[in-house]
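J.: Below you will find the structure I want to go over with you.
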2 protein chains.
Amino acid sequence: MPERPTGLRRPTVARRRRRAQPARPTGPPVPLNRSIMGNMADSTKASNAASPASARTVRRRASITDVAKAAGVAVGTVSNVLNKPDRVLPATRERVEAAIAELNFVRNGSARQLRAGTLTSVGVVVLDLSNPFFTDVARGIQDRLERDSFTLMVAGSDEDLDRERRYLRLYEEHGVQGVIVSPATDDIDHVLAVRERGTAVVLLDRPSPVPEVASVAVDDVAGGRLAVEHLIAQGHERVALLNGPHTIRQCRDRREGAAAAMTDAGLDPEVALEEITVPSLTPDGGEAGIRELLALPAAARPSAVFCVNDLVALGVLRTLRRDGVAVPEEIAVVGYDDVTFAAELATPLSSVRQPTLELGTRAADLLFRPEGSAPEQVVFSPELVIRESSTTSPLEAGSP
Amino acid sequence: MPERPTGLRRPTVARRRRRAQPARPTGPPVPLNRSIMGNMADSTKASNAASPASARTVRRRASITDVAKAAGVAVGTVSNVLNKPDRVLPATRERVEAAIAELNFVRNGSARQLRAGTLTSVGVVVLDLSNPFFTDVARGIQDRLERDSFTLMVAGSDEDLDRERRYLRLYEEHGVQGVIVSPATDDIDHVLAVRERGTAVVLLDRPSPVPEVASVAVDDVAGGRLAVEHLIAQGHERVALLNGPHTIRQCRDRREGAAAAMTDAGLDPEVALEEITVPSLTPDGGEAGIRELLALPAAARPSAVFCVNDLVALGVLRTLRRDGVAVPEEIAVVGYDDVTFAAELATPLSSVRQPTLELGTRAADLLFRPEGSAPEQVVFSPELVIRESSTTSPLEAGSP
DNA sequence: ACGTCGGGTTGAAACGGTTCAGACCGTATC
DNA sequence: GATACGGTCTGAACCGTTTCAACCCGACGT
């Protein structure tokens with residue numbers, strides 16, 4: 001049979017020419033037996049030879065009207081049973097509820113939302129779905145949202161502006177109550193536009209550039225500074241920074257903090273801080289970055305590496321270990337995010353910890369803040385957790 | 001000057017009545033005075049004289065009718081521009097597009113879906129949002145979905161049946177095209193009911209018990225067997241299984257495989273396989289589990305631990321290391337899932353690998369399968385990755 | 001007995017799109 | 001010149017809810 005990937009319903013040409021049959025004196029408007037599962041049902045012409053008689057009559061989903069009819073009440077009453085049960089007589093309610101069960105009624109959320117204008121869901125766009133940092137944040141958001149029985153739609157932009165835009169638009173079209181987004185780039189006009197059109201917006205992991213927009217962030221400059229101050233204190237005078245593109249604000253800020261720490265220590269960042277841009281913020285990206293560094297003669301290369309996140313650091317540690325480079329003796333490593341496994345690695349990884357869960361719950365909180373209250377811009381402070389990857393004498397600096 | 005909406009609207013909000021006003025003058029689009037965002041009373045006090053844009057009254061989100069009016073065409077034409085651009089004259093199209101841009105029009109997804117009956121989104125319910133295994137699967141799903149520009153709503157049930165039910169219902173109400181769900185329990189009647197009502201369903205990480213439902217799974221019995229066969233081959237005669245509750249299918253199956261491996265080797269699972277149920281499938285759960293084991297006198301305890309997933313194994317390794325128990329000499333450890341960091345741990349972790357990404361893409365594929373085709377039930381085979389945590393000679397997987 | 005009150009119920013309007021039969025119109029055909 | 005035809009565009013019906021003015025009716029106060 002013709003392979004038709006049924007998912008895509010984009011109206012490719014396929015125009016139906018159905019010259020109307022001449023004046024068909026039909027009686028009452030015959031109800032189109034349209035399948036609910038619009039795009040799954042195809043024209044019957046390509047009916048699979050071996051198709052089992054799956055002539056499963058597609059029953060129309062029962063509507064509130066059907067329920068009303070079955071229960072012998074008005075639609076308004078059914079609606080009341082659904083939404084304000086106390087306004088309806090117990091006897092009536094029971095009858096309606098029986099009908100609902102009988103007909104297997106499931107309320108149509110679209111109609112509900114269209115009329116009521118309200119939808120209890122929130123959209124989130126994060127930079128990377130497979131980064132534990134963001135999934136932890138997402139979990140925080142979900143926990144908070146659940147309190148008000150909101151639902152969460154999550155999507156990852158993979159640091160792609162277009163994708164970010166697409167998801168935001170989709171959320172908006174579907175009428176989410178709010179969006180929480182960690183923008184991929186500096187350009188957040190499209191995010192502001194969403195807000196301008198009336199959807200609550202919270203910026204995640206990035207301070208808001210405008211006062212009207214709420215945001216939740218961690219001070220990345222401070223984080224970068226913490227990491228590099230520590231490395232300097234350990235005696236390192238040249239540090240490599242495995243960083244993402246500067247279009248990502250977190251990357252830029254962490255670098256800025258790193259540079260500031262250098263300057264404070266009387267070092268010139270221009271020479272003491274060697275920045276390497278990794279191809280992706282993943283272990284593989286980290287591997288690529290560190291290889292670049294290893295290509296230099298040992299004498300010429302920095303003695304410490306500051307990785308913009310723990311996934312990158314993971315790749316770095318992996319590569320160094322494979323290549324037999326001693327950590328921290330030959331090269332010290334500091335990561336960022338302090339993901340769960342950081343402490344348990346072959347060489348326990350020093351890392352800048354961010355309050356992920358709280359970041360999430362706070363972001364969700366801001367979505368719920370009372371109308372009229374001034375937008376809040378929360379900034380958390382990061383914290384350095386020192387482990388073996390950056391020092392031979394691990395200080396007791398953090399909890400487990 | 002009414003401020004922009006700052007927070008989420010609570011589900012009950014008084015709406016403006018349009019019907020009330022009598023003869024509507026046909027002049028220019030009259031901006032309604034009452035904000036659609038509900039009664040914001042006078043929030044004038046907090047008006048920071050910021051954006052000049054907000055000096056204007058909060059306008060109702062532009063509707064397709066507004067666009068039509070502005071462009072001087074019929075609503076049907078606007079709809080066509082949106083959905084079937086090739087059916088409309090370029091000149092007209094441009095005019096409409098200009099109006100759309102002008103009015104900042106965003107199509108209302110609910111109305112669209114209500115009428116068209118189609119929504120391009122898919123709901124996913126996984127057991128645990130913070131388990132890398134599931135986020136990797138989710139990523140696979142997203143990748144596949146993106147090809148058809150579908151969106152993904154993800155939620156975590158935390159192994160709670162009620163939560164699973166709630167999310168499924170929400171997805172259904174919102175009219176998703178399909179759901180992908182990894183059920184928390186054996187009871188999946190509610191899932192089947194969803195399908196019965198006309199929404200495509202794919203079971204994730206669990207073979208379908210009924211032929212009409214598609215599923216994507218990995219053979220967990222085989223996985224459990226692989227792990228324990230390996231441990232037996234390493235000379236272990238008693239193995240502890242740190243498992244989750246048997247209400248979870250995966251846990252049960254992995255145990256079954258483990259027991260089968262025992263039997264095959266002539267060992268009695270009743271004595272040779274010590275199952276410990278962890279309080280949660282997390283590192284902390286693993287810690288609790290292994291502590292229970294460590295409480296036994298060294299002679300009385302199993303010499304190997306098979307963990308139902310890598311997060312649990314992580315907690316086990318962490319605890320053993322803290323307590324100075326040598327891995328694998330005193331206790332060997334095998335995990336499950338082969339998460340990214342498994343190879344990079346202090347003691348690289350042997351683990352049963354599942355094809356996560358493919359699991360996801362395949363699940364999404366099944367959602368898109370053509371209508372008549374028989375539901376597929378895909379089962380992948382797991383694979384054991386042997387590392388130091390279970391053997392001192394990692395390269396040697398065969399006989400001792 | 002009569003007016004008032006108020007909880008329960010009704011029924012239709014409205015939400016904002018998509019759909020499609022038909023109006024309209026310019027062109028090709030006979 | 002009349003007819004047929006095909007492409008554009010129009011406008012009203014329709015999707016399934018929520019909402020609310022109006023209605024009903026029994027209880028209550030006077």
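Ordering of the structure tokens sets the chain letters (A, B, ...), residue numbers begin anew at 1 in every chain, and ligands are numbered from 1 in the order given.
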Do you know which residues are at most 8 Å from A:Glu229 counting only C-alpha atoms (C1' of nucleotides), after dropping those on the same chain fewer than 2 positions away, and could you put them as a PyMOL selection string?
T.: chain A and resi 225-227+231-233+258+261-262
J.: What is the Cα root-mean-square deviation, to one decimal place in Å, for chain A superposed on chain B with all Cα atoms matched in order?
T.: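 For chain B versus chain A, the C-alpha RMSD is 4.2 Å.
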J.: Can you pull out every residue from stretch 145-312 of chain B that DSSP, working from the backbone, puts in helix (DSSP H, G or I), and format the result as a count of residues only?
T.: 76
J.: Using only C-alpha atoms (C1' of nucleotides), which residue out of D:DT10, D:DC25, D:DC15, D:DA4 lies closest to C:DT18?
T.: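 So, comparing all the options, the nearest one is D:DC15.
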J.: Would you return as number ranges by chain the members of stretch 175-240 of chain A that DSSP assigns to strand (DSSP E) on this structure's backbone?
T.: A: 178-181, 200-204, 214-218, 239-240
J.: As JSON, numbers by chain, please: the residues near A:Leu345 (cut-off 7 Å, only C-alpha atoms (C1' of nucleotides), same-chain neighbours under 6 positions excluded).
T.: {"B": [344, 345, 346]}
J.: Those residues with N, CA and C atoms, as an mmCIF file, in the first residue's frame please?
T.:
data_model
loop_
_atom_site.group_PDB
_atom_site.id
_atom_site.type_symbol
_atom_site.label_atom_id
_atom_site.label_comp_id
_atom_site.auth_asym_id
_atom_site.auth_seq_id
_atom_site.Cartn_x
_atom_site.Cartn_y
_atom_site.Cartn_z
ATOM 1 N N GLU B 344 31.960 6.619 33.566
ATOM 2 C CA GLU B 344 32.912 7.578 34.109
ATOM 3 C C GLU B 344 32.918 7.634 35.619
ATOM 4 N N LEU B 345 32.232 6.720 36.246
ATOM 5 C CA LEU B 345 32.165 6.760 37.695
ATOM 6 C C LEU B 345 33.471 6.301 38.310
ATOM 7 N N ALA B 346 33.590 6.570 39.594
ATOM 8 C CA ALA B 346 34.797 6.181 40.323
ATOM 9 C C ALA B 346 35.120 4.730 40.020
#
J.: Residues of chain A within 10 Å of chain D: nearest atom pair and distance (Å, one decimal) for each, counting only C-alpha atoms (C1' of nucleotides), sorted by chain and number, as a tab-separated table?
T.:
residue	atom	partner	partner_atom	distance
A:Ala62	CA	D:DG16	C1'	9.9
A:Ser63	CA	D:DG16	C1'	6.6
A:Ile64	CA	D:DG16	C1'	7.1
A:Thr65	CA	D:DG16	C1'	8.2
A:Val75	CA	D:DT17	C1'	9.5
A:Gly76	CA	D:DT18	C1'	8.2
A:Ser79	CA	D:DT18	C1'	7.4
A:Asn80	CA	D:DT18	C1'	9.2
A:Asn83	CA	D:DT18	C1'	9.5
A:Arg107	CA	D:DT17	C1'	8.3
A:Asn108	CA	D:DG16	C1'	6.6
A:Gly109	CA	D:DT17	C1'	8.1
A:Ser110	CA	D:DT17	C1'	8.0
A:Ala111	CA	D:DT17	C1'	4.6
A:Arg112	CA	D:DT17	C1'	4.5
A:Gln113	CA	D:DT17	C1'	7.8
A:Leu114	CA	D:DT17	C1'	7.6
A:Arg115	CA	D:DT18	C1'	5.7
A:Ala116	CA	D:DT18	C1'	5.9
A:Gly117	CA	D:DT18	C1'	9.5
J.: For stretch 303-307 of chain A, list every protein, DNA or RNA residue within 7 Å, evaluated using only C-alpha atoms (C1' of nucleotides), and leave out those in the same chain fewer than 2 positions away; present the list as a PyMOL selection string.
T.: chain A and resi 236+238-243+301+309-310+312-313+330-336
J.: Include C-alpha atoms and write out the residues we just selected as a compact mmCIF listing (two decimals), in the first residue's frame.
T.:
# COMPACT_ATOMS: atom_id res chain seq x y z
CA HIS A 236 46.88 27.87 38.71
CA ARG A 238 46.42 29.87 33.36
CA VAL A 239 42.94 28.47 32.99
CA ALA A 240 41.15 27.15 29.96
CA LEU A 241 37.46 27.84 29.72
CA LEU A 242 35.49 25.31 27.73
CA ASN A 243 32.57 27.45 26.86
CA ARG A 301 48.78 24.66 27.93
CA ASN A 309 28.61 22.70 32.56
CA ASP A 310 28.99 19.25 34.03
CA VAL A 312 31.06 19.07 29.18
CA ALA A 313 33.19 18.30 32.20
CA GLU A 330 48.39 17.68 35.43
CA ILE A 331 45.10 19.34 34.72
CA ALA A 332 42.53 20.47 37.26
CA VAL A 333 38.88 20.49 36.31
CA VAL A 334 35.89 22.41 37.57
CA GLY A 335 32.40 21.98 36.24
CA TYR A 336 29.10 23.76 36.60
J.: Just the residues within 12 Å of A:Glu270, please, counting only C-alpha atoms (C1' of nucleotides), with nothing from its chain fewer than 2 positions along; format it as a list of chain:residue names.
T.: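 After dropping sequence-adjacent residues, the list is A:Arg238, A:Val239, A:Ala240, A:Arg255, A:Glu256, A:Ala258, A:Ala259, A:Ala260, A:Met262, A:Thr263, A:Gly266, A:Leu267, A:Asp268, A:Ala272, A:Leu273, A:Glu274, A:Glu275.
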J.: Residues of chain C within 9 Å of chain B, counting only C-alpha atoms (C1' of nucleotides) - could you list those as a ChimeraX atom specification?
T.: /C:13-19
J.: Can you pull out the residues contacting stretch 204-214 of chain A? Cut-off 6 Å, using only C-alpha atoms (C1' of nucleotides), and skip same-chain residues under 2 positions away; I want them as a ChimeraX atom specification.
T.: /A:181-182,202,216-217,375-377
J.: Next, the residues of the selection above should be written as a PDB file, in the first residue's frame with all heavy atoms.
T.:
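Written out: result_39.pdb:
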ATOM      1  N   VAL A 181      10.558  30.243  30.032  1.00  0.00           N
ATOM      2  CA  VAL A 181      11.474  29.959  28.941  1.00  0.00           C
ATOM      3  C   VAL A 181      12.898  30.377  29.272  1.00  0.00           C
ATOM      4  O   VAL A 181      13.122  31.441  29.848  1.00  0.00           O
ATOM      5  CB  VAL A 181      10.999  30.655  27.641  1.00  0.00           C
ATOM      6  CG1 VAL A 181      10.691  32.103  27.895  1.00  0.00           C
ATOM      7  CG2 VAL A 181      12.019  30.527  26.533  1.00  0.00           C
ATOM      8  N   SER A 182      13.812  29.505  28.964  1.00  0.00           N
ATOM      9  CA  SER A 182      15.210  29.896  29.075  1.00  0.00           C
ATOM     10  C   SER A 182      15.693  30.188  27.659  1.00  0.00           C
ATOM     11  O   SER A 182      15.935  29.288  26.879  1.00  0.00           O
ATOM     12  CB  SER A 182      16.043  28.797  29.726  1.00  0.00           C
ATOM     13  OG  SER A 182      16.057  27.643  28.932  1.00  0.00           O
ATOM     14  N   VAL A 202       7.747  34.039  32.303  1.00  0.00           N
ATOM     15  CA  VAL A 202       8.854  34.089  33.247  1.00  0.00           C
ATOM     16  C   VAL A 202      10.113  33.628  32.539  1.00  0.00           C
ATOM     17  O   VAL A 202      10.121  32.569  31.902  1.00  0.00           O
ATOM     18  CB  VAL A 202       8.601  33.195  34.474  1.00  0.00           C
ATOM     19  CG1 VAL A 202       9.841  33.137  35.352  1.00  0.00           C
ATOM     20  CG2 VAL A 202       7.421  33.705  35.290  1.00  0.00           C
ATOM     21  N   VAL A 216      13.811  34.349  36.838  1.00  0.00           N
ATOM     22  CA  VAL A 216      14.482  33.589  37.878  1.00  0.00           C
ATOM     23  C   VAL A 216      15.831  33.193  37.330  1.00  0.00           C
ATOM     24  O   VAL A 216      15.916  32.615  36.256  1.00  0.00           O
ATOM     25  CB  VAL A 216      13.702  32.317  38.231  1.00  0.00           C
ATOM     26  CG1 VAL A 216      14.488  31.484  39.206  1.00  0.00           C
ATOM     27  CG2 VAL A 216      12.346  32.665  38.786  1.00  0.00           C
ATOM     28  N   ALA A 217      16.851  33.519  38.049  1.00  0.00           N
ATOM     29  CA  ALA A 217      18.174  33.237  37.517  1.00  0.00           C
ATOM     30  C   ALA A 217      19.151  32.955  38.638  1.00  0.00           C
ATOM     31  O   ALA A 217      18.850  33.140  39.813  1.00  0.00           O
ATOM     32  CB  ALA A 217      18.667  34.415  36.688  1.00  0.00           C
ATOM     33  N   PRO A 375       6.403  42.745  38.864  1.00  0.00           N
ATOM     34  CA  PRO A 375       7.153  41.565  38.442  1.00  0.00           C
ATOM     35  C   PRO A 375       8.403  41.422  39.285  1.00  0.00           C
ATOM     36  O   PRO A 375       9.083  42.399  39.570  1.00  0.00           O
ATOM     37  CB  PRO A 375       7.518  41.886  36.996  1.00  0.00           C
ATOM     38  CG  PRO A 375       6.587  42.952  36.574  1.00  0.00           C
ATOM     39  CD  PRO A 375       6.225  43.717  37.800  1.00  0.00           C
ATOM     40  N   GLU A 376       8.664  40.207  39.649  1.00  0.00           N
ATOM     41  CA  GLU A 376       9.842  39.992  40.465  1.00  0.00           C
ATOM     42  C   GLU A 376      10.985  39.461  39.636  1.00  0.00           C
ATOM     43  O   GLU A 376      10.782  38.772  38.647  1.00  0.00           O
ATOM     44  CB  GLU A 376       9.520  38.997  41.557  1.00  0.00           C
ATOM     45  CG  GLU A 376       9.101  39.639  42.836  1.00  0.00           C
ATOM     46  CD  GLU A 376       8.879  38.573  43.883  1.00  0.00           C
ATOM     47  OE1 GLU A 376       9.840  38.216  44.565  1.00  0.00           O
ATOM     48  OE2 GLU A 376       7.737  38.098  44.004  1.00  0.00           O
ATOM     49  N   GLN A 377      12.147  39.781  40.059  1.00  0.00           N
ATOM     50  CA  GLN A 377      13.301  39.262  39.372  1.00  0.00           C
ATOM     51  C   GLN A 377      14.216  38.648  40.395  1.00  0.00           C
ATOM     52  O   GLN A 377      14.945  39.346  41.089  1.00  0.00           O
ATOM     53  CB  GLN A 377      13.972  40.382  38.597  1.00  0.00           C
ATOM     54  CG  GLN A 377      12.922  41.104  37.766  1.00  0.00           C
ATOM     55  CD  GLN A 377      13.494  42.008  36.723  1.00  0.00           C
ATOM     56  OE1 GLN A 377      14.696  42.114  36.580  1.00  0.00           O
ATOM     57  NE2 GLN A 377      12.614  42.643  35.985  1.00  0.00           N
TER      58      GLN A 377
END
J.: For a test of reading the model, state the distance in Å between atom CA of A:Ala98 and atom CA of A:Thr151, rounded to one decimal.
T.: 27.9 Å
J.: How far is it from atom CA of A:Asp148 to atom CA of A:Ala363, in Å with one decimal?
T.: 14.2 Å
J.: Could you check the closest approach to chain B for each of A:Ala299, A:Ile276, A:Leu281, A:Ala364 and tell me which residue wins, using only C-alpha atoms?
T.: A:Ala364
J.: Tell me which protein, DNA and RNA residues are within 10 Å of A:Ser121, counting only C-alpha atoms (C1' of nucleotides), leaving out same-chain ones fewer than 4 positions away, and put them as JSON, numbers by chain.
T.: {"A": [145, 149, 150, 151, 152, 153, 171, 174, 175, 176, 177, 178, 179], "B": [170]}
